[in-house]
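Below is model_2.txt, holding compact mmCIF, C-alpha atoms.
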```txt
# COMPACT_ATOMS: atom_id res chain seq x y z
CA MET A 273 202.43 61.21 125.36
CA LYS A 274 202.24 64.82 124.25
CA ARG A 275 201.54 63.68 120.72
CA LEU A 276 198.88 61.31 121.92
CA LEU A 277 197.22 64.13 123.84
CA ALA A 278 197.35 66.39 120.81
CA ALA A 279 195.77 63.68 118.68
CA LEU A 280 193.10 63.16 121.28
CA ALA A 281 192.40 66.87 121.49
CA VAL A 282 191.76 66.90 117.76
CA LEU A 283 189.56 63.82 118.04
CA VAL A 284 187.55 65.28 120.90
CA LEU A 285 187.15 68.53 119.01
CA THR A 286 185.91 66.68 115.95
CA CYS A 287 183.45 64.70 118.00
CA ALA A 288 182.24 67.89 119.64
CA ALA A 289 181.40 69.37 116.27
CA ALA A 290 178.11 67.51 116.11
CA PRO A 291 176.27 69.27 118.96
CA ALA A 292 178.23 72.42 118.32
CA ALA A 293 176.94 72.58 114.77
CA GLU A 294 173.91 74.21 116.28
CA VAL A 295 176.04 77.13 117.43
CA THR A 296 175.27 79.56 114.63
CA GLY A 297 177.09 82.41 116.30
CA ARG A 298 174.73 85.06 114.97
CA PHE A 299 173.84 88.19 116.88
CA ASN A 300 172.48 91.70 116.45
CA LEU A 301 173.55 93.70 119.48
CA VAL A 302 174.94 97.05 120.56
CA ASP A 303 178.60 97.50 121.52
CA GLN A 304 179.99 99.50 124.46
CA ARG A 305 180.20 102.59 122.28
CA GLY A 306 176.56 102.38 121.25
CA ASN A 307 177.18 101.01 117.73
CA ALA A 308 174.80 98.43 116.30
CA VAL A 309 176.90 95.34 115.50
CA SER A 310 176.49 91.78 114.26
CA GLU A 311 178.83 88.84 113.83
CA ALA A 312 179.73 90.33 110.42
CA SER A 313 181.12 93.46 112.09
CA TYR A 314 184.21 91.51 113.14
CA ASP A 315 184.81 89.72 109.84
CA GLY A 316 188.45 88.95 109.27
CA LYS A 317 189.17 88.55 112.99
CA ILE A 318 189.14 85.49 115.18
CA ARG A 319 186.75 86.08 118.08
CA LEU A 320 187.21 85.04 121.68
CA MET A 321 183.74 85.25 123.21
CA THR A 322 182.10 84.72 126.55
CA PHE A 323 178.68 85.39 128.06
CA GLY A 324 178.05 86.70 131.55
CA TYR A 325 176.97 89.69 133.56
CA THR A 326 178.79 92.35 135.49
CA PHE A 327 176.78 92.62 138.70
CA CYS A 328 178.11 89.49 140.37
CA PRO A 329 176.54 89.78 143.81
CA ASP A 330 178.67 87.33 145.80
CA ILE A 331 181.70 86.20 143.81
CA CYS A 332 182.96 87.13 140.35
CA PRO A 333 184.45 84.77 137.79
CA THR A 334 187.85 85.80 136.47
CA THR A 335 187.01 84.75 132.90
CA LEU A 336 187.51 88.23 131.46
CA ASN A 337 190.88 88.48 133.19
CA THR A 338 191.77 85.20 131.52
CA MET A 339 190.72 86.58 128.15
CA ALA A 340 192.70 89.78 128.70
CA GLY A 341 195.74 87.73 129.79
CA THR A 342 195.34 85.63 126.66
CA MET A 343 195.44 88.77 124.52
CA ASP A 344 198.70 89.79 126.22
CA LEU A 345 200.22 86.41 125.40
CA LEU A 346 199.34 86.69 121.71
CA GLY A 347 201.80 89.54 121.18
CA ASP A 348 201.76 90.72 117.55
CA LYS A 349 198.96 88.31 116.75
CA ALA A 350 196.59 90.04 119.17
CA SER A 351 195.48 92.42 116.43
CA GLU A 352 193.94 89.45 114.62
CA VAL A 353 191.75 88.53 117.58
CA VAL A 354 188.86 90.40 119.15
CA PRO A 355 187.80 89.53 122.72
CA ILE A 356 184.04 89.92 123.17
CA PHE A 357 181.93 89.88 126.32
CA VAL A 358 178.17 89.48 125.83
CA THR A 359 175.93 90.33 128.74
CA VAL A 360 172.94 88.14 129.55
CA ASP A 361 171.67 90.87 131.88
CA PRO A 362 170.81 93.81 129.63
CA ARG A 363 168.54 95.35 132.24
CA ARG A 364 171.49 96.27 134.44
CA ASP A 365 174.32 96.17 131.92
CA SER A 366 173.75 99.39 130.02
CA VAL A 367 176.03 100.55 127.23
CA ALA A 368 177.76 103.08 129.50
CA HIS A 369 178.25 100.54 132.28
CA LEU A 370 179.60 97.92 129.90
CA ARG A 371 182.08 100.37 128.48
CA GLU A 372 183.57 101.12 131.85
CA TYR A 373 183.59 97.43 132.71
CA VAL A 374 185.19 95.91 129.61
CA GLU A 375 187.76 98.67 129.32
CA ALA A 376 188.99 97.76 132.80
CA PHE A 377 190.21 94.50 131.27
CA SER A 378 191.59 95.40 127.89
CA PRO A 379 191.41 98.42 125.59
CA THR A 380 190.41 96.14 122.74
CA MET A 381 187.73 94.22 124.60
CA VAL A 382 184.23 94.59 123.19
CA GLY A 383 181.14 94.54 125.41
CA LEU A 384 177.81 93.69 123.82
CA THR A 385 174.31 94.32 125.11
CA GLY A 386 170.92 94.97 123.54
CA ASN A 387 167.25 94.67 124.28
CA GLN A 388 166.00 91.50 125.91
CA GLU A 389 164.90 89.92 122.64
CA ALA A 390 168.25 90.57 120.98
CA VAL A 391 170.18 89.17 123.94
CA ASP A 392 167.90 86.12 124.08
CA ALA A 393 168.50 85.51 120.39
CA ALA A 394 172.28 85.86 120.76
CA ALA A 395 172.34 83.47 123.71
CA LYS A 396 170.29 80.96 121.72
CA ALA A 397 172.64 81.26 118.76
CA PHE A 398 175.50 80.18 121.06
CA ARG A 399 173.41 77.63 122.95
CA VAL A 400 174.01 79.64 126.08
CA ARG A 401 171.29 79.30 128.68
CA TYR A 402 170.63 81.62 131.54
CA VAL A 403 168.17 82.11 134.34
CA LEU A 404 167.53 85.25 136.34
CA ASN A 405 167.02 84.40 139.99
CA PRO A 406 164.65 86.22 142.34
CA PRO A 407 166.21 89.23 144.13
CA MET A 408 168.17 88.26 147.23
CA ASP A 409 167.03 91.38 149.02
CA ALA A 410 163.27 91.84 148.79
CA ASN A 411 163.73 95.61 149.07
CA ASP A 412 166.15 95.79 146.18
CA PRO A 413 164.78 94.47 142.89
CA ASN A 414 168.27 94.73 141.40
CA SER A 415 169.86 92.32 143.87
CA TYR A 416 169.32 89.27 141.70
CA PHE A 417 172.00 86.97 140.38
CA VAL A 418 172.04 85.12 137.09
CA ASP A 419 172.93 81.50 136.42
CA HIS A 420 174.41 81.10 132.98
CA SER A 421 176.43 78.70 130.87
CA ALA A 422 180.10 79.39 131.25
CA GLY A 423 182.98 78.88 128.87
CA ILE A 424 184.98 80.70 126.24
CA PHE A 425 184.06 80.38 122.57
CA ILE A 426 186.58 80.59 119.77
CA MET A 427 184.89 81.67 116.54
CA ASP A 428 186.65 81.84 113.18
CA ARG A 429 187.25 84.88 110.98
CA GLN A 430 183.72 84.60 109.56
CA GLY A 431 182.15 84.15 113.00
CA ARG A 432 181.68 80.38 112.76
CA PHE A 433 182.10 78.14 115.78
CA LEU A 434 185.52 76.55 116.22
CA ALA A 435 185.81 75.52 119.85
CA LYS A 436 184.50 76.01 123.34
CA LEU A 437 186.91 76.04 126.26
CA GLY A 438 186.06 75.68 129.93
CA HIS A 439 185.73 78.89 131.94
CA ARG A 440 188.57 77.72 134.17
CA SER A 441 191.01 77.52 131.28
CA GLU A 442 194.19 79.48 131.84
CA PRO A 443 195.49 82.19 129.52
CA ASP A 444 198.36 80.06 128.21
CA GLU A 445 195.95 77.25 127.24
CA VAL A 446 193.58 79.65 125.51
CA ALA A 447 196.47 81.40 123.77
CA ALA A 448 197.86 78.06 122.58
CA ARG A 449 194.51 77.15 121.03
CA LEU A 450 194.25 80.54 119.40
CA MET A 451 197.76 80.27 117.96
CA GLU A 452 196.78 76.97 116.34
CA VAL A 453 193.77 78.65 114.80
CA LEU A 454 195.74 81.72 113.73
CA GLU A 455 198.38 79.64 111.99
CA LYS A 456 195.85 77.81 109.84
CA MET B 210 194.89 56.28 131.95
CA ASN B 211 194.56 54.44 128.66
CA ARG B 212 193.65 56.05 125.40
CA ARG B 213 189.99 55.04 125.38
CA ARG B 214 189.43 56.12 128.93
CA LEU B 215 191.03 59.49 128.25
CA LEU B 216 188.88 59.99 125.20
CA LEU B 217 185.73 59.04 127.07
CA THR B 218 186.59 61.41 129.86
CA GLY B 219 187.14 64.17 127.34
CA LEU B 220 183.82 63.49 125.68
CA ALA B 221 182.00 63.34 128.98
CA THR B 222 183.44 66.72 129.90
CA LEU B 223 182.38 68.20 126.60
CA GLY B 224 178.96 66.67 126.86
CA ALA B 225 178.52 68.13 130.30
CA SER B 226 179.56 71.56 129.18
CA THR B 227 177.33 71.68 126.14
CA LEU B 228 174.27 69.76 127.25
CA SER B 229 173.64 70.41 130.93
CA PRO B 230 170.68 72.71 131.59
CA VAL B 231 172.43 75.74 132.95
CA ALA B 232 176.02 74.71 133.40
CA ALA B 233 176.98 75.95 136.78
CA GLN B 234 178.78 79.23 136.45
CA ALA B 235 181.14 80.57 139.03
CA ALA B 236 178.16 81.89 140.97
CA LYS B 237 177.74 78.29 142.07
CA ALA B 238 181.36 77.85 143.11
CA GLN B 239 181.67 76.65 146.64
CA GLN B 240 182.31 79.42 149.09
CA GLY B 241 183.74 79.41 152.58
CA LEU B 242 186.96 78.36 154.29
CA PHE B 243 189.06 75.62 152.75
CA VAL B 244 191.94 74.32 154.85
CA HIS B 245 194.64 72.54 152.89
CA ALA B 246 195.81 69.10 154.01
CA GLU B 247 199.40 70.29 153.51
CA PRO B 248 200.61 73.90 153.46
CA ARG B 249 201.34 75.03 149.90
CA PRO B 250 204.44 77.02 149.11
CA LEU B 251 203.42 80.22 147.33
CA PRO B 252 204.77 80.84 143.84
CA ALA B 253 206.83 83.98 143.32
CA LEU B 254 204.72 87.02 142.46
CA ASP B 255 205.78 90.49 141.39
CA ILE B 256 203.83 92.69 143.78
CA ARG B 257 204.31 96.47 143.73
CA ASP B 258 202.99 99.46 145.62
CA ASN B 259 201.24 102.49 144.12
CA GLU B 260 204.58 103.91 143.00
CA GLY B 261 205.85 100.75 141.37
CA ARG B 262 208.20 99.76 144.21
CA PRO B 263 208.39 96.10 145.25
CA ALA B 264 205.79 95.41 147.95
CA GLY B 265 205.54 91.64 148.05
CA LEU B 266 205.30 89.06 150.78
CA ASP B 267 209.05 89.39 151.46
CA GLY B 268 208.19 92.54 153.38
CA PHE B 269 206.24 90.45 155.88
CA ARG B 270 208.84 87.74 156.32
CA GLY B 271 208.35 85.85 159.54
CA ARG B 272 204.78 87.04 159.97
CA PRO B 273 201.60 85.29 158.87
CA VAL B 274 199.64 87.20 156.25
CA LEU B 275 196.02 87.52 155.27
CA MET B 276 196.28 88.07 151.52
CA ASN B 277 193.04 89.19 149.92
CA LEU B 278 192.74 89.09 146.13
CA TRP B 279 190.36 91.67 144.71
CA ALA B 280 189.64 93.82 141.67
CA SER B 281 187.82 97.10 141.20
CA TRP B 282 185.39 95.51 138.72
CA CYS B 283 184.40 92.87 141.30
CA LEU B 284 181.56 94.36 143.31
CA PRO B 285 181.60 91.86 146.18
CA CYS B 286 185.35 92.44 146.49
CA VAL B 287 184.85 96.17 146.75
CA ALA B 288 182.06 95.62 149.28
CA GLU B 289 184.45 93.53 151.40
CA LEU B 290 187.34 96.02 151.48
CA PRO B 291 186.02 98.22 154.31
CA ALA B 292 185.92 95.19 156.63
CA LEU B 293 189.56 94.44 155.79
CA ASP B 294 190.40 98.08 156.35
CA ARG B 295 188.90 97.83 159.86
CA LEU B 296 190.60 94.50 160.51
CA LYS B 297 194.11 95.69 159.73
CA PRO B 298 194.68 97.96 162.77
CA GLN B 299 193.07 95.34 165.01
CA ILE B 300 195.15 92.35 164.00
CA GLU B 301 198.47 93.80 162.88
CA PRO B 302 199.55 94.67 166.46
CA GLU B 303 199.08 90.95 167.16
CA GLY B 304 201.53 90.05 164.43
CA VAL B 305 199.35 89.15 161.44
CA ALA B 306 199.81 91.29 158.34
CA VAL B 307 196.89 92.24 156.10
CA MET B 308 197.48 92.64 152.37
CA ALA B 309 194.84 93.53 149.79
CA LEU B 310 196.26 92.59 146.40
CA CYS B 311 194.58 94.33 143.49
CA LEU B 312 194.35 92.30 140.28
CA ASP B 313 193.23 95.23 138.12
CA ARG B 314 194.86 95.23 134.73
CA SER B 315 195.22 98.99 134.82
CA GLY B 316 197.77 98.66 137.63
CA ALA B 317 197.55 100.88 140.70
CA VAL B 318 194.99 103.30 139.23
CA GLY B 319 192.02 101.06 139.97
CA ALA B 320 193.21 100.41 143.52
CA VAL B 321 193.93 104.05 144.31
CA ASN B 322 190.59 105.21 142.93
CA THR B 323 188.64 102.52 144.75
CA TYR B 324 190.38 103.30 148.06
CA ALA B 325 189.58 106.98 147.59
CA ARG B 326 185.95 106.29 146.78
CA LEU B 327 185.49 104.03 149.82
CA GLY B 328 187.57 106.10 152.22
CA ILE B 329 190.03 103.25 152.80
CA GLY B 330 192.69 104.59 155.16
CA ASN B 331 194.55 101.63 156.63
CA LEU B 332 195.15 99.24 153.75
CA ALA B 333 198.20 99.85 151.59
CA VAL B 334 198.08 99.57 147.81
CA HIS B 335 199.46 96.28 146.49
CA VAL B 336 199.27 95.54 142.78
CA ASP B 337 199.73 92.26 140.91
CA TYR B 338 202.31 93.83 138.63
CA GLU B 339 202.64 91.04 136.06
CA ARG B 340 198.91 90.26 136.21
CA LYS B 341 199.50 86.61 136.86
CA ALA B 342 198.33 86.15 140.44
CA GLY B 343 194.92 84.74 139.57
CA GLU B 344 196.47 82.17 137.30
CA VAL B 345 199.48 81.07 139.35
CA LEU B 346 197.50 80.96 142.58
CA GLY B 347 194.65 79.03 140.95
CA VAL B 348 191.96 81.55 141.81
CA PRO B 349 188.98 81.27 139.41
CA VAL B 350 186.69 83.58 141.38
CA LEU B 351 187.06 86.79 143.37
CA PRO B 352 187.20 87.65 146.16
CA THR B 353 189.48 84.91 147.43
CA THR B 354 191.58 85.36 150.56
CA LEU B 355 194.69 83.32 151.26
CA LEU B 356 195.89 82.63 154.78
CA VAL B 357 199.66 82.45 154.67
CA ASP B 358 201.75 81.14 157.55
CA ALA B 359 204.93 82.70 158.93
CA ALA B 360 206.98 80.52 156.57
CA GLY B 361 205.20 82.00 153.53
CA ARG B 362 203.04 78.97 152.80
CA GLU B 363 199.31 79.03 152.05
CA VAL B 364 197.58 77.01 154.76
CA ALA B 365 193.97 77.85 153.88
CA ARG B 366 191.87 80.03 151.65
CA PHE B 367 188.50 81.68 152.01
CA VAL B 368 186.43 81.85 148.82
CA GLY B 369 183.85 84.62 148.76
CA PRO B 370 183.46 87.76 150.84
CA ALA B 371 183.78 87.32 154.62
CA ALA B 372 183.03 89.44 157.66
CA TRP B 373 186.72 89.99 158.33
CA ASP B 374 186.14 92.57 161.06
CA GLY B 375 184.23 90.22 163.37
CA ALA B 376 185.17 88.10 166.38
CA GLU B 377 185.30 84.87 164.33
CA ALA B 378 187.92 86.31 162.00
CA MET B 379 190.04 87.43 164.96
CA THR B 380 189.92 83.94 166.42
CA LEU B 381 190.89 82.38 163.10
CA LEU B 382 193.79 84.78 162.58
CA ARG B 383 195.05 84.32 166.13
CA ALA B 384 195.13 80.57 165.46
CA LEU B 385 197.08 81.27 162.27
CA LYS B 386 199.52 83.41 164.26
CA ALA B 387 199.94 80.73 166.91
CA GLY B 388 200.64 78.13 164.21
CA LYS B 389 197.69 76.04 165.37
CA PRO B 390 195.94 73.78 162.89
CA LEU B 391 193.04 75.59 161.25
CA ASP B 392 189.65 74.01 160.91
CA PRO B 393 186.71 74.82 158.60
CA SER B 394 184.59 75.41 161.72
CA MET B 395 186.75 78.46 162.41
CA ALA B 396 185.44 80.21 159.30
CA PRO B 397 184.24 83.77 159.64
CA PRO B 398 180.70 84.21 158.34
CA LEU B 399 180.19 84.90 154.65
CA ALA B 400 179.37 88.56 154.21
CA LYS B 401 175.77 88.97 153.18
CA PRO B 402 175.60 90.59 149.79
CA LYS B 403 173.94 93.97 149.83
CA THR B 404 173.27 96.61 147.27
CA ASN B 405 176.37 97.37 145.27
CA PRO B 406 178.77 99.77 146.96
```

Go through the file and emit its structure as structure tokens.
Amino acid sequence: MKRLLAALAVLVLTCAAAPAAEVTGRFNLVDQRGNAVSEASYDGKIRLMTFGYTFCPDICPTTLNTMAGTMDLLGDKASEVVPIFVTVDPRRDSVAHLREYVEAFSPTMVGLTGNQEAVDAAAKAFRVRYVLNPPMDANDPNSYFVDHSAGIFIMDRQGRFLAKLGHRSEPDEVAARLMEVLEK
Amino acid sequence: MNRRRLLLTGLATLGASTLSPVAAQAAKAQQGLFVHAEPRPLPALDIRDNEGRPAGLDGFRGRPVLMNLWASWCLPCVAELPALDRLKPQIEPEGVAVMALCLDRSGAVGAVNTYARLGIGNLAVHVDYERKAGEVLGVPVLPTTLLVDAAGREVARFVGPAAWDGAEAMTLLRALKAGKPLDPSMAPPLAKPKTNP
């Protein structure tokens, strides 16, 4: 059964490649230290990427915890992987704020932001969609929440799309997928 | 499930995740009180205090526990902590323990700093030492609060921030203490999100 599942996983992944071919994975953003970066800045490393925003007003997804837990599970191999969080809310997620935020998860986690156009372009390159909702509190223009596509992207050492995992994946599942990729 | 069915299911899932307009993110996760049909035994967790000493559920043996999962990077969690801090001295004399379990990856630092910033005086520091609580408890969003019976089993969970210092919460926790069946209608109100604390 395990073998069957493995075979199916490969099949499903292959089938998924068609729509995913549109994921170019390109971006020109600014990291949490203020450096201008692109997908080429991480050449040579596998990337574990997700999109989101830090000002979750009611509940917060634990996706970044999952990514940080995944990094722990990789052991020695962790140095070959870079976990990257891209904000879709650059208005509130400044460089300084992102730095504090991503470093709460993992010292190697990268946080990316940029101007609205750059973030829009990055989201488009990953086929990530997002919508800013009206503020929940009329007196506080910053009290809005953001709907966005969830999931964790695995990109290869040249920044090309390899796989997208559900945002509810657990660290051991993500680590297992990464190990497969790392061993190739 | 046969092979074809499994494959189709897999494809449908993928299709949904790549093609749906704005795939619902956790912000759309259902919030409120969820009562389990059967109590769930809790997996073992390595919980420590701010000095690294064991501070797990064993310390509350025989008492029901409200176990709140939070993190310093989770703003609604932080906004909810003062209500839990007010609840603790109200409900603990009645025999229900209140535990705020910090999932920060930095260990106790995040918890201690957040308590200091908010002026939290009643809650003790509890840290998810092996950083596995979210995973083993199946908690994809924070805050989530588990209601644990006197036998150490999870009987219900509240997803999202709640007004834990109100009358509804007291009623719910008294029912937990009495071992009465819980009901979704006993839910405390969701805390209205405000400006970030």

Query raised in the report: So how many Å separate CA of Gly319 (chain B) and CA of Arg257 (chain B), to one decimal?
Result: 13.6 Å

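Using all atoms listed in the file, the shortest contact distance between Val350 (chain B) and any of A:Asp365, A:Arg440, A:Asn307, A:Leu384 is found at A:Arg440.
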
Sorted per-residue table, chain A near chain B, closest atoms and distance, 6 Å, all atoms listed in the file, as CSV:
```
residue,atom,partner,partner_atom,distance
A:Pro329,CA,B:Pro285,CA,6.0
A:Asp330,CA,B:Pro285,CA,5.4
A:Ile331,CA,B:Leu351,CA,5.4
A:Cys332,CA,B:Leu351,CA,5.1
A:Pro333,CA,B:Val350,CA,4.4
A:Thr334,CA,B:Val350,CA,5.5
A:Phe377,CA,B:Arg314,CA,5.8
A:Arg401,CA,B:Val231,CA,5.7
A:His420,CA,B:Val231,CA,5.7
A:Ser421,CA,B:Ala232,CA,4.7
A:Ala422,CA,B:Gln234,CA,5.4
```

**Report entry** Surrounding residues of Ala448 (chain A) excluding itself and chain neighbours under 2 positions, 12 Å, all atoms listed in the file, as number ranges by chain
**Finding:** A: 278, 342-343, 345-346, 349, 426, 437, 441-446, 450-455

**Report entry** Pick from A:Leu434, A:Val358, A:Val403, A:Met339, whichever lies nearest to Gly386 (chain A) using only C-alpha atoms
**Finding:** A:Val358

Requested in this report: Would you mind reading off the distance between CA of Thr385 (chain A) and CA of Gly306 (chain A), one decimal, in Å?
Outcome: 9.2 Å

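Counting all atoms listed in the file, Lys389 (chain B) has the following residues at most 12 Å away, ignoring those fewer than 6 positions along the same chain: Pro273, Asp358, Ala359, Val364, Thr380, Leu381, Leu382, Arg383 and Met395 of chain B.
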
Hey, what's within 7 Å of Arg371 (chain A) if we count all atoms listed in the file and toss same-chain stuff fewer than 6 positions away? As a compact mmCIF listing (two decimals) with C-alpha atoms, in the frame of the given file, please?
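Ended up saving to selection_11.txt:
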```txt
# COMPACT_ATOMS: atom_id res chain seq x y z
CA GLN A 304 179.99 99.50 124.46
CA ARG A 305 180.20 102.59 122.28
CA GLY A 383 181.14 94.54 125.41
```

Query raised in the report: Within 7 Å of (186.0, 78.5, 121.4), in the coordinates the file gives, what residues turn up when you count all atoms listed in the file, written out as a PyMOL selection string?
Result: chain A and resi 320+424-427+433-437

Identify, on the basis of all atoms listed in the file, every residue whose closest approach to Glu352 (chain A) does not exceed 9 Å; exclude the query and any residue fewer than 3 positions from it along the same chain; express the result as a PDB file with C-alpha atoms, in the coordinates of the input.
```
ATOM      1  CA  GLY A 316     188.450  88.950 109.270  1.00  0.00           C
ATOM      2  CA  LYS A 317     189.170  88.550 112.990  1.00  0.00           C
ATOM      3  CA  ILE A 318     189.140  85.490 115.180  1.00  0.00           C
ATOM      4  CA  ARG A 319     186.750  86.080 118.080  1.00  0.00           C
ATOM      5  CA  ASP A 348     201.760  90.720 117.550  1.00  0.00           C
ATOM      6  CA  LYS A 349     198.960  88.310 116.750  1.00  0.00           C
ATOM      7  CA  ARG A 429     187.250  84.880 110.980  1.00  0.00           C
ATOM      8  CA  LEU A 454     195.740  81.720 113.730  1.00  0.00           C
TER       9      LEU A 454
END
```

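Between CA of Ser313 (chain A) and CA of Asp392 (chain A) there is a distance of 19.3 Å.
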
**Report entry** Contact residues around Ala340 (chain A) with all atoms listed in the file at 8 Å, ignoring same-chain residues under 3 positions, as a ChimeraX atom specification
**Finding:** /A:336-337,343-344,355,377-378,381

**Report entry** Expected residue set, 12 Å radius at (193.3, 69.1, 151.7), all atoms listed in the file, as a PyMOL selection string
**Finding:** chain B and resi 242-249+363-366+391-393
